[in-house]
>>> print(open('input28.txt').read())   # compact mmCIF, C-alpha atoms
# COMPACT_ATOMS: atom_id res chain seq x y z
CA MET C 261 -6.20 5.34 181.25
CA SER C 262 -9.23 6.75 179.55
CA ARG C 263 -10.83 9.86 180.93
CA ILE C 264 -14.03 7.87 181.51
CA THR C 265 -12.28 5.29 183.70
CA GLY C 266 -10.56 8.04 185.66
CA THR C 267 -13.87 9.73 186.24
CA PHE C 268 -15.36 6.44 187.37
CA LEU C 269 -12.57 5.92 189.91
CA LEU C 270 -12.95 9.44 191.19
CA ALA C 271 -16.69 8.88 191.55
CA ALA C 272 -16.00 5.64 193.39
CA GLY C 273 -13.69 7.54 195.70
CA LEU C 274 -16.35 10.15 196.35
CA ALA C 275 -18.90 7.43 197.01
CA LEU C 276 -16.54 5.82 199.51
CA GLY C 277 -16.12 9.21 201.14
CA ALA C 278 -19.88 9.62 201.36
CA ALA C 279 -20.21 6.15 202.88
CA GLN C 280 -17.68 7.09 205.54
CA VAL C 281 -19.48 10.30 206.39
CA GLY C 282 -22.56 8.09 206.70
CA ALA C 283 -20.74 5.74 209.05
CA ARG C 284 -19.71 8.64 211.24
CA THR C 285 -23.28 9.83 211.24
CA ASP C 286 -24.33 6.61 212.98
CA ASP C 287 -22.23 7.53 216.00
CA GLN C 288 -22.93 11.26 215.93
CA PRO C 289 -26.34 11.24 214.34
CA VAL C 290 -26.64 14.59 212.61
CA GLY C 291 -29.86 13.43 211.02
CA GLY C 292 -30.85 10.66 213.44
CA PRO C 293 -32.96 10.88 216.58
CA LEU C 294 -31.69 12.69 219.65
CA LYS C 295 -30.46 10.48 222.48
CA VAL C 296 -30.10 11.59 226.07
CA VAL C 297 -29.27 10.08 229.44
CA VAL C 298 -31.05 11.86 232.28
CA HIS C 299 -29.05 11.60 235.51
CA VAL C 300 -31.19 11.49 238.66
CA ASN C 301 -29.19 11.29 241.90
CA VAL C 302 -31.00 13.82 244.09
CA PRO C 303 -33.78 13.12 246.59
CA GLU C 304 -35.72 16.38 246.16
CA SER C 305 -39.15 15.60 244.78
CA GLY C 306 -39.34 18.99 243.06
CA VAL C 307 -36.13 18.42 241.13
CA GLN C 308 -37.21 14.90 240.18
CA GLY C 309 -40.57 16.23 238.98
CA ALA C 310 -38.87 18.98 236.99
CA GLY C 311 -36.72 16.31 235.35
CA LEU C 312 -39.79 14.33 234.30
CA LYS C 313 -41.34 17.50 232.92
CA ASN C 314 -38.16 18.14 230.95
CA VAL C 315 -38.43 14.67 229.46
CA THR C 316 -42.08 15.26 228.56
CA ASN C 317 -41.13 18.52 226.86
CA ILE C 318 -38.29 16.87 224.97
CA LEU C 319 -40.70 14.26 223.62
CA LYS C 320 -43.21 16.94 222.61
CA GLU C 321 -40.59 18.83 220.64
CA ALA C 322 -38.65 15.81 219.32
CA PRO C 323 -40.91 12.74 219.66
CA ASP C 324 -38.40 10.17 218.47
CA THR C 325 -35.80 11.09 221.09
CA GLN C 326 -34.35 8.09 222.90
CA VAL C 327 -34.40 8.88 226.61
CA GLU C 328 -32.90 6.84 229.41
CA VAL C 329 -33.41 7.99 232.99
CA VAL C 330 -30.80 6.56 235.35
CA CYS C 331 -31.74 6.65 239.05
CA HIS C 332 -29.10 5.97 241.67
CA GLY C 333 -27.89 7.06 245.09
CA ALA C 334 -30.27 9.51 246.70
CA GLY C 335 -32.24 9.66 243.43
CA ILE C 336 -33.46 6.09 243.48
CA GLY C 337 -36.60 7.14 245.37
CA LEU C 338 -38.02 8.41 242.08
CA VAL C 339 -38.67 4.83 240.97
CA GLU C 340 -39.49 3.24 244.33
CA LYS C 341 -43.18 2.44 244.78
CA ALA C 342 -43.08 3.34 248.46
CA ARG C 343 -41.30 6.66 248.14
CA THR C 344 -41.90 8.29 244.78
CA ASP C 345 -44.19 11.29 244.40
CA HIS C 346 -44.27 10.74 240.64
CA ALA C 347 -45.54 7.22 240.00
CA GLU C 348 -48.08 8.30 237.39
CA ALA C 349 -45.67 10.50 235.49
CA VAL C 350 -43.00 7.78 235.42
CA GLU C 351 -45.49 5.17 234.23
CA ALA C 352 -46.84 7.49 231.55
CA LEU C 353 -43.33 8.13 230.24
CA ILE C 354 -42.52 4.41 230.24
CA LYS C 355 -45.61 3.89 228.08
CA LYS C 356 -44.21 6.50 225.69
CA GLY C 357 -40.99 4.51 225.36
CA VAL C 358 -38.77 6.24 227.91
CA LYS C 359 -36.43 3.80 229.63
CA PHE C 360 -36.03 4.04 233.43
CA VAL C 361 -33.30 2.09 235.19
CA ALA C 362 -32.33 1.78 238.85
CA CYS C 363 -28.84 1.07 240.16
CA GLU C 364 -28.30 -2.38 241.70
CA ASN C 365 -25.47 -1.06 243.88
CA THR C 366 -27.86 1.42 245.42
CA MET C 367 -30.61 -1.18 245.72
CA ARG C 368 -28.30 -3.55 247.60
CA GLN C 369 -27.14 -0.80 249.92
CA LYS C 370 -30.67 0.38 250.69
CA SER C 371 -32.24 -3.11 250.71
CA ILE C 372 -34.55 -2.28 247.83
CA LYS C 373 -35.84 -5.28 245.89
CA LYS C 374 -36.78 -5.44 242.24
CA GLU C 375 -40.46 -5.75 243.25
CA ASP C 376 -40.15 -2.51 245.23
CA LEU C 377 -39.66 -0.62 241.97
CA LEU C 378 -42.43 0.80 239.81
CA ALA C 379 -43.63 -1.54 237.07
CA GLY C 380 -41.53 -1.33 233.94
CA VAL C 381 -38.41 0.01 235.65
CA GLY C 382 -35.27 -1.93 234.73
CA THR C 383 -32.01 -2.29 236.64
CA VAL C 384 -28.33 -1.91 235.81
CA ALA C 385 -25.33 -3.18 237.78
CA SER C 386 -24.02 0.35 238.33
CA GLY C 387 -25.96 3.55 237.72
CA ALA C 388 -22.77 5.60 237.52
CA VAL C 389 -21.24 3.32 234.90
CA GLU C 390 -24.51 3.42 232.94
CA VAL C 391 -24.41 7.24 232.86
CA VAL C 392 -20.85 7.11 231.53
CA ARG C 393 -21.44 4.26 229.10
CA LYS C 394 -24.50 5.79 227.45
CA GLN C 395 -22.46 8.87 226.66
CA GLN C 396 -19.26 7.20 225.56
CA LYS C 397 -20.40 4.01 223.90
CA ASP C 398 -23.82 5.02 222.60
CA GLY C 399 -23.32 8.74 221.92
CA TYR C 400 -26.02 9.97 224.30
CA ALA C 401 -26.08 13.57 225.49
CA TYR C 402 -26.03 14.21 229.26
CA PHE C 403 -28.77 16.02 231.10
CA LYS C 404 -28.97 16.65 234.82
CA PRO C 405 -32.34 18.03 236.03
CA MET X 47 -5.67 1.62 182.58
CA SER X 48 -4.90 -1.97 183.49
CA ARG X 49 -7.27 -3.87 185.69
CA ILE X 50 -4.44 -4.44 188.19
CA THR X 51 -3.80 -0.71 188.58
CA GLY X 52 -7.51 -0.10 189.01
CA THR X 53 -7.70 -2.73 191.68
CA PHE X 54 -4.71 -1.18 193.41
CA LEU X 55 -6.38 2.21 193.43
CA LEU X 56 -9.61 0.76 194.78
CA ALA X 57 -7.66 -1.08 197.48
CA ALA X 58 -5.84 2.13 198.34
CA GLY X 59 -9.18 3.85 198.66
CA LEU X 60 -10.51 1.13 200.95
CA ALA X 61 -7.34 1.26 203.06
CA LEU X 62 -7.76 5.00 203.41
CA GLY X 63 -11.34 4.43 204.47
CA ALA X 64 -10.32 1.85 207.05
CA ALA X 65 -7.64 4.17 208.42
CA GLN X 66 -10.23 6.89 208.84
CA VAL X 67 -12.71 4.64 210.60
CA GLY X 68 -9.82 3.60 212.86
CA ALA X 69 -8.98 7.22 213.58
CA ARG X 70 -12.58 7.93 214.51
CA THR X 71 -12.67 4.97 216.84
CA ASP X 72 -9.78 6.47 218.80
CA ASP X 73 -11.93 9.49 219.60
CA GLN X 74 -15.10 7.54 220.33
CA PRO X 75 -13.64 4.38 221.83
CA VAL X 76 -16.37 1.81 221.30
CA GLY X 77 -14.05 -0.94 222.49
CA GLY X 78 -11.61 1.06 224.65
CA PRO X 79 -11.80 1.91 228.34
CA LEU X 80 -14.46 4.27 229.66
CA LYS X 81 -13.32 7.81 230.37
CA VAL X 82 -15.14 10.26 232.60
CA VAL X 83 -14.63 13.72 234.02
CA VAL X 84 -16.28 14.14 237.42
CA HIS X 85 -17.27 17.75 238.02
CA VAL X 86 -17.10 18.82 241.68
CA ASN X 87 -18.14 22.42 242.30
CA VAL X 88 -20.35 22.08 245.38
CA PRO X 89 -19.31 22.49 249.02
CA GLU X 90 -21.64 19.90 250.55
CA SER X 91 -19.60 17.15 252.11
CA GLY X 92 -22.37 14.61 251.51
CA VAL X 93 -22.48 15.30 247.77
CA GLN X 94 -18.69 15.19 247.54
CA GLY X 95 -18.65 11.88 249.42
CA ALA X 96 -21.36 10.47 247.15
CA GLY X 97 -19.23 11.46 244.16
CA LEU X 98 -16.24 9.56 245.54
CA LYS X 99 -18.43 6.54 246.14
CA ASN X 100 -19.66 6.77 242.55
CA VAL X 101 -16.05 6.73 241.36
CA THR X 102 -15.30 3.71 243.57
CA ASN X 103 -18.31 1.91 242.12
CA ILE X 104 -17.30 2.79 238.56
CA LEU X 105 -13.85 1.27 239.18
CA LYS X 106 -15.39 -1.87 240.69
CA GLU X 107 -17.59 -2.40 237.65
CA ALA X 108 -15.14 -1.19 235.00
CA PRO X 109 -11.64 -1.22 236.55
CA ASP X 110 -9.80 0.28 233.59
CA THR X 111 -11.96 3.42 233.49
CA GLN X 112 -9.95 6.64 233.26
CA VAL X 113 -11.39 9.03 235.84
CA GLU X 114 -10.46 12.67 236.33
CA VAL X 115 -12.07 14.57 239.20
CA VAL X 116 -12.00 18.34 238.64
CA CYS X 117 -12.49 20.45 241.78
CA HIS X 118 -13.17 24.15 241.46
CA GLY X 119 -15.21 26.98 242.96
CA ALA X 120 -17.06 25.89 246.05
CA GLY X 121 -15.99 22.30 245.38
CA ILE X 122 -12.27 22.84 245.92
CA GLY X 123 -12.62 21.99 249.61
CA LEU X 124 -12.75 18.32 248.65
CA VAL X 125 -9.00 18.36 248.00
CA GLU X 126 -7.89 20.87 250.65
CA LYS X 127 -6.07 19.29 253.59
CA ALA X 128 -7.64 21.72 256.05
CA ARG X 129 -11.22 21.40 254.88
CA THR X 130 -11.92 18.04 253.31
CA ASP X 131 -13.93 15.37 255.11
CA HIS X 132 -12.71 12.78 252.63
CA ALA X 133 -8.89 12.76 252.75
CA GLU X 134 -8.62 8.99 253.04
CA ALA X 135 -11.07 8.27 250.24
CA VAL X 136 -9.34 10.75 247.91
CA GLU X 137 -5.91 9.30 248.67
CA ALA X 138 -7.15 5.75 248.19
CA LEU X 139 -8.59 6.66 244.78
CA ILE X 140 -5.37 8.42 243.76
CA LYS X 141 -3.53 5.19 244.57
CA LYS X 142 -5.94 3.38 242.27
CA GLY X 143 -5.01 5.75 239.41
CA VAL X 144 -7.81 8.32 239.64
CA LYS X 145 -6.59 11.81 238.75
CA PHE X 146 -7.67 14.72 240.98
CA VAL X 147 -7.02 18.29 239.87
CA ALA X 148 -7.71 21.63 241.54
CA CYS X 149 -8.40 24.90 239.70
CA GLU X 150 -5.64 27.52 239.94
CA ASN X 151 -8.17 30.34 239.42
CA THR X 152 -10.03 29.18 242.51
CA MET X 153 -6.81 28.66 244.44
CA ARG X 154 -5.67 32.23 243.70
CA GLN X 155 -9.03 33.64 244.69
CA LYS X 156 -9.18 31.70 247.95
CA SER X 157 -5.44 32.00 248.74
CA ILE X 158 -4.95 28.26 248.63
CA LYS X 159 -1.39 27.11 247.97
CA LYS X 160 -0.25 23.96 246.25
CA GLU X 161 0.98 22.63 249.61
CA ASP X 162 -2.50 23.12 251.06
CA LEU X 163 -3.80 20.39 248.76
CA LEU X 164 -3.85 16.68 249.56
CA ALA X 165 -0.77 14.79 248.40
CA GLY X 166 -1.02 13.70 244.78
CA VAL X 167 -3.58 16.31 243.73
CA GLY X 168 -2.59 18.18 240.57
CA THR X 169 -3.63 21.61 239.38
CA VAL X 170 -4.98 23.07 236.14
CA ALA X 171 -5.09 26.71 235.06
CA SER X 172 -8.90 26.66 234.86
CA GLY X 173 -11.14 23.97 236.26
CA ALA X 174 -14.01 25.00 233.99
CA VAL X 175 -11.86 24.78 230.87
CA GLU X 176 -10.57 21.40 232.02
CA VAL X 177 -14.14 20.07 232.33
CA VAL X 178 -14.87 21.24 228.79
CA ARG X 179 -11.58 20.13 227.30
CA LYS X 180 -11.73 16.59 228.66
CA GLN X 181 -15.09 16.14 226.98
CA GLN X 182 -14.32 17.81 223.69
CA LYS X 183 -10.69 17.03 223.09
CA ASP X 184 -10.30 13.70 224.89
CA GLY X 185 -13.77 12.21 224.49
CA TYR X 186 -14.56 11.93 228.21
CA ALA X 187 -18.12 11.52 229.44
CA TYR X 188 -19.44 14.08 231.96
CA PHE X 189 -20.63 13.17 235.42
CA LYS X 190 -21.84 15.55 238.10
CA PRO X 191 -22.32 13.98 241.55
CA MET A 50 -2.94 4.20 182.72
CA SER A 51 0.05 6.48 182.83
CA ARG A 52 2.01 6.81 186.04
CA ILE A 53 1.15 10.50 186.10
CA THR A 54 -2.59 9.82 186.02
CA GLY A 55 -2.21 7.17 188.70
CA THR A 56 -0.36 9.61 190.91
CA PHE A 57 -3.07 12.18 190.32
CA LEU A 58 -5.75 9.71 191.40
CA LEU A 59 -3.80 8.76 194.51
CA ALA A 60 -3.34 12.43 195.34
CA ALA A 61 -7.08 12.94 194.85
CA GLY A 62 -7.70 10.05 197.22
CA LEU A 63 -5.40 11.53 199.84
CA ALA A 64 -7.06 14.91 199.42
CA LEU A 65 -10.44 13.28 199.98
CA GLY A 66 -9.06 11.60 203.08
CA ALA A 67 -7.76 14.91 204.38
CA ALA A 68 -11.10 16.55 203.68
CA GLN A 69 -12.86 13.85 205.67
CA VAL A 70 -10.51 14.16 208.61
CA GLY A 71 -11.21 17.87 208.39
CA ALA A 72 -14.95 17.21 208.38
CA ARG A 73 -14.65 15.03 211.45
CA THR A 74 -12.54 17.65 213.12
CA ASP A 75 -15.44 20.08 212.76
CA ASP A 76 -17.61 17.83 214.91
CA GLN A 77 -14.90 16.77 217.36
CA PRO A 78 -12.55 19.71 217.07
CA VAL A 79 -9.21 18.39 218.24
CA GLY A 80 -7.61 21.59 217.01
CA GLY A 81 -10.67 23.86 216.78
CA PRO A 82 -12.21 26.11 219.38
CA LEU A 83 -13.86 24.65 222.48
CA LYS A 84 -17.66 24.61 222.49
CA VAL A 85 -19.79 24.30 225.59
CA VAL A 86 -23.43 24.45 226.53
CA VAL A 87 -23.96 25.81 230.05
CA HIS A 88 -27.14 24.41 231.59
CA VAL A 89 -28.88 26.81 233.98
CA ASN A 90 -32.02 25.39 235.59
CA VAL A 91 -31.61 26.46 239.22
CA PRO A 92 -33.01 29.58 240.87
CA GLU A 93 -30.16 30.22 243.33
CA SER A 94 -28.53 33.53 242.52
CA GLY A 95 -25.20 32.34 243.90
CA VAL A 96 -25.09 29.31 241.60
CA GLN A 97 -26.13 31.42 238.61
CA GLY A 98 -23.40 33.95 239.43
CA ALA A 99 -20.83 31.19 239.81
CA GLY A 100 -21.84 29.92 236.38
CA LEU A 101 -21.26 33.34 234.83
CA LYS A 102 -17.89 33.53 236.51
CA ASN A 103 -17.04 30.11 235.10
CA VAL A 104 -17.88 31.39 231.63
CA THR A 105 -15.73 34.48 232.17
CA ASN A 106 -12.84 32.27 233.26
CA ILE A 107 -13.29 29.98 230.28
CA LEU A 108 -13.08 32.98 227.93
CA LYS A 109 -9.96 34.27 229.72
CA GLU A 110 -8.20 30.95 229.29
CA ALA A 111 -9.60 30.02 225.86
CA PRO A 112 -10.95 33.23 224.28
CA ASP A 113 -12.36 31.66 221.13
CA THR A 114 -14.59 29.20 223.03
CA GLN A 115 -18.16 29.10 221.75
CA VAL A 116 -20.44 29.30 224.77
CA GLU A 117 -24.21 28.94 224.83
CA VAL A 118 -26.02 29.44 228.13
CA VAL A 119 -29.44 27.76 228.14
CA CYS A 120 -31.85 29.05 230.81
CA HIS A 121 -35.03 27.12 231.54
CA GLY A 122 -37.31 26.03 234.35
CA ALA A 123 -36.31 27.58 237.64
CA GLY A 124 -33.17 28.98 236.00
CA ILE A 125 -34.94 31.36 233.64
CA GLY A 126 -34.74 34.15 236.23
CA LEU A 127 -31.10 34.63 235.28
CA VAL A 128 -32.17 36.35 232.05
CA GLU A 129 -35.38 38.06 233.26
CA LYS A 130 -35.03 41.82 233.66
CA ALA A 131 -37.27 41.85 236.72
CA ARG A 132 -35.63 38.99 238.59
CA THR A 133 -31.98 38.61 237.69
CA ASP A 134 -29.20 39.66 240.06
CA HIS A 135 -26.71 39.49 237.21
CA ALA A 136 -27.91 41.82 234.46
CA GLU A 137 -24.54 43.49 234.00
CA ALA A 138 -22.57 40.27 233.91
CA VAL A 139 -24.98 38.71 231.38
CA GLU A 140 -24.85 41.79 229.16
CA ALA A 141 -21.05 41.95 229.35
CA LEU A 142 -20.80 38.30 228.29
CA ILE A 143 -23.24 38.82 225.42
CA LYS A 144 -20.96 41.62 224.21
CA LYS A 145 -18.10 39.15 224.28
CA GLY A 146 -20.03 36.80 222.00
CA VAL A 147 -21.62 34.44 224.51
CA LYS A 148 -25.08 33.29 223.42
CA PHE A 149 -27.86 33.28 226.02
CA VAL A 150 -31.17 31.61 225.24
CA ALA A 151 -34.39 31.26 227.23
CA CYS A 152 -36.87 28.38 226.92
CA GLU A 153 -40.22 29.27 225.32
CA ASN A 154 -41.95 26.42 227.18
CA THR A 155 -40.88 27.97 230.46
CA MET A 156 -41.78 31.49 229.27
CA ARG A 157 -45.30 30.36 228.34
CA GLN A 158 -45.75 28.60 231.66
CA LYS A 159 -44.52 31.56 233.69
CA SER A 160 -46.12 34.24 231.47
CA ILE A 161 -42.78 35.76 230.58
CA LYS A 162 -42.70 37.77 227.36
CA LYS A 163 -39.78 38.28 225.03
CA GLU A 164 -39.58 41.92 226.17
CA ASP A 165 -39.23 40.76 229.78
CA LEU A 166 -35.83 39.26 228.92
CA LEU A 167 -32.53 41.11 229.06
CA ALA A 168 -31.50 42.71 225.77
CA GLY A 169 -29.70 40.31 223.46
CA VAL A 170 -31.15 37.14 224.98
CA GLY A 171 -32.60 34.77 222.37
CA THR A 172 -35.24 32.10 222.76
CA VAL A 173 -35.56 28.44 221.81
CA ALA A 174 -38.71 26.32 221.59
CA SER A 175 -37.44 23.94 224.30
CA GLY A 176 -34.50 24.58 226.59
CA ALA A 177 -34.13 20.88 227.37
CA VAL A 178 -34.01 19.93 223.69
CA GLU A 179 -31.47 22.71 223.09
CA VAL A 180 -29.19 21.29 225.79
CA VAL A 181 -29.39 17.87 224.16
CA ARG A 182 -29.08 19.11 220.60
CA LYS A 183 -26.00 21.25 221.18
CA GLN A 184 -24.21 18.20 222.53
CA GLN A 185 -25.40 15.66 220.01
CA LYS A 186 -25.68 17.64 216.81
CA ASP A 187 -23.06 20.34 217.32
CA GLY A 188 -20.50 18.50 219.48
CA TYR A 189 -20.69 20.86 222.47
CA ALA A 190 -19.43 19.81 225.88
CA TYR A 191 -21.88 19.98 228.81
CA PHE A 192 -21.32 22.12 231.87
CA LYS A 193 -23.67 22.51 234.82
CA PRO A 194 -22.71 25.32 237.24
>>> encode(input="input28.txt", output="structure tokens")
Amino acid sequence: MSRITGTFLLAAGLALGAAQVGARTDDQPVGGPLKVVVHVNVPESGVQGAGLKNVTNILKEAPDTQVEVVCHGAGIGLVEKARTDHAEAVEALIKKGVKFVACENTMRQKSIKKEDLLAGVGTVASGAVEVVRKQQKDGYAYFKP
Amino acid sequence: MSRITGTFLLAAGLALGAAQVGARTDDQPVGGPLKVVVHVNVPESGVQGAGLKNVTNILKEAPDTQVEVVCHGAGIGLVEKARTDHAEAVEALIKKGVKFVACENTMRQKSIKKEDLLAGVGTVASGAVEVVRKQQKDGYAYFKP
Amino acid sequence: MSRITGTFLLAAGLALGAAQVGARTDDQPVGGPLKVVVHVNVPESGVQGAGLKNVTNILKEAPDTQVEVVCHGAGIGLVEKARTDHAEAVEALIKKGVKFVACENTMRQKSIKKEDLLAGVGTVASGAVEVVRKQQKDGYAYFKP
């Protein structure tokens, strides 16, 4: 083998290596945007409000962060029209691209209908599974206000 | 170098790459079962009960999820025969394959013996380390009820 | 190509593979030290103290664990000279290598100056972003006392 061909193969190997590092980076994005699932399961309005403020601060510091706020159990009131103290803040964050989802298990148990939720709030079959799945399948960090 | 040998080397490189992607997938199981460590360190019976209900809902939605509930500090009462309000729910979840472990540091400090725990509850040297290790070494998501 | 050169290239390929596994191991350290971000955002002295005790226990069980305690919002009092109940414990942990950081957003809002913090406590622009970043970029586990 000529030295040139050997060098080429080595370079190809290095390129493959770089591609693999790149592939890993997609799952654990060293250079990509931050991603975080915010877990809201408490009824206290102050804690819920602090959580929204945390999200606002995250977006100030790192505007391309992907944020999903999962509301379930005693925390579902944050996205209920009739019970939330934070309708404006939630709606402002939705406009900024933050995703809010409510748990259908909780909704069924508390007789909350889709139309009882703030505009723009989505639903998921299970809030608890969503919190787990975002971390495990989509590489989101966890944050509990 | 012959073209055949070159092709072999390139194929070997690609195989290596595939093996590495496979290895990564084992840590971050995109297609595997969900895994979650549930962190119980609060004494409130209502919060503990909500946590058990979350686990039940996770198993309804994603039955093959691997769940480990770590009880330590003020949360150890959940798995103490004499103090838990949730013996039946814990035992039912253990039968479904959920792992419950109590922290030996906490047990020593509170003079709780192994036989004071509900049947089927294991122990770990440090509940806090277990919560960290499941995430870092075994790729579990974190969930705090 | 000579057999010797071929063997060399294969060895180089394997070495690259090993290096990549090593690189991945840095992010998801199967064999490396544990890493954990401890999220302190509550004002209760008892919860803050329990968190410090958790950190102490983690270091007893796994002495090379990298621990960063992020204090923000209502939890910033843990590292304020004038308000903490745990000055000695914080300072002892800092001596053991634990990193404590306070959130500059919170400090601005509460008019807390750098010199109001316990000696050795650092600051970060946003505590919430730090909690997310340590998990996503540096592979830390999450722990909420």
>>> closest_atom_pairs(input="input28.txt", of="chain X", to="chain A", cutoff="6 Å", atoms="all atoms listed in the file", output="JSON lines")
{"residue": "X:Met47", "atom": "CA", "partner": "A:Met50", "partner_atom": "CA", "distance": 3.8}
{"residue": "X:Val175", "atom": "CA", "partner": "A:Ile107", "partner_atom": "CA", "distance": 5.4}
{"residue": "X:Val178", "atom": "CA", "partner": "A:Ala190", "partner_atom": "CA", "distance": 5.6}
{"residue": "X:Gln181", "atom": "CA", "partner": "A:Ala190", "partner_atom": "CA", "distance": 5.8}
{"residue": "X:Gln182", "atom": "CA", "partner": "A:Ala190", "partner_atom": "CA", "distance": 5.9}
{"residue": "X:Lys183", "atom": "CA", "partner": "A:Val79", "partner_atom": "CA", "distance": 5.2}
>>> residues_around(input="input28.txt", residues="Lys148 in chain A", least_positions_apart="2", cutoff="12 Å", atoms="all atoms listed in the file", output="short mmCIF file (atom, residue, chain, number, x, y, z; two decimals) with C-alpha atoms, in the coordinates of the input")
data_model
loop_
_atom_site.label_atom_id
_atom_site.label_comp_id
_atom_site.auth_asym_id
_atom_site.auth_seq_id
_atom_site.Cartn_x
_atom_site.Cartn_y
_atom_site.Cartn_z
CA LYS A 84 -17.66 24.61 222.49
CA VAL A 85 -19.79 24.30 225.59
CA VAL A 86 -23.43 24.45 226.53
CA VAL A 87 -23.96 25.81 230.05
CA VAL A 104 -17.88 31.39 231.63
CA THR A 114 -14.59 29.20 223.03
CA GLN A 115 -18.16 29.10 221.75
CA VAL A 116 -20.44 29.30 224.77
CA GLU A 117 -24.21 28.94 224.83
CA VAL A 118 -26.02 29.44 228.13
CA VAL A 119 -29.44 27.76 228.14
CA CYS A 120 -31.85 29.05 230.81
CA VAL A 128 -32.17 36.35 232.05
CA VAL A 139 -24.98 38.71 231.38
CA GLU A 140 -24.85 41.79 229.16
CA ALA A 141 -21.05 41.95 229.35
CA LEU A 142 -20.80 38.30 228.29
CA ILE A 143 -23.24 38.82 225.42
CA LYS A 144 -20.96 41.62 224.21
CA LYS A 145 -18.10 39.15 224.28
CA GLY A 146 -20.03 36.80 222.00
CA VAL A 150 -31.17 31.61 225.24
CA ALA A 151 -34.39 31.26 227.23
CA ALA A 168 -31.50 42.71 225.77
CA GLY A 169 -29.70 40.31 223.46
CA VAL A 170 -31.15 37.14 224.98
CA GLY A 171 -32.60 34.77 222.37
CA THR A 172 -35.24 32.10 222.76
CA VAL A 173 -35.56 28.44 221.81
#
>>> atom_distance(input="input28.txt", atom1="CA of Val89 in chain A", atom2="CA of Val391 in chain C")
20.1 Å
>>> closest_residue(input="input28.txt", among="X:Asp110, X:Phe146, X:Gly95, X:Pro89", to="Arg129 in chain X", atoms="all atoms listed in the file")
X:Pro89
>>> axis_aligned_box(input="input28.txt", around="range 82-95 of chain A", padding_each_side="8 Å", output="AutoDock Vina command-line options")
--center_x -22.6 --center_y 28.9 --center_z 231.6 --size_x 36.8 --size_y 25.2 --size_z 40.5
>>> atom_distance(input="input28.txt", atom1="CA of Gly333 in chain C", atom2="CA of Ala388 in chain C")
9.3 Å
>>> closest_residue(input="input28.txt", among="C:Cys363, C:Arg393, C:Val302, C:Leu378", to="Ala349 in chain C", atoms="only C-alpha atoms")
C:Leu378
>>> residues_around(input="input28.txt", residues="Glu93 in chain A", least_positions_apart="4", cutoff="9 Å", atoms="all atoms listed in the file", output="NGL selection string")
:A and (97-98 or 123-124)
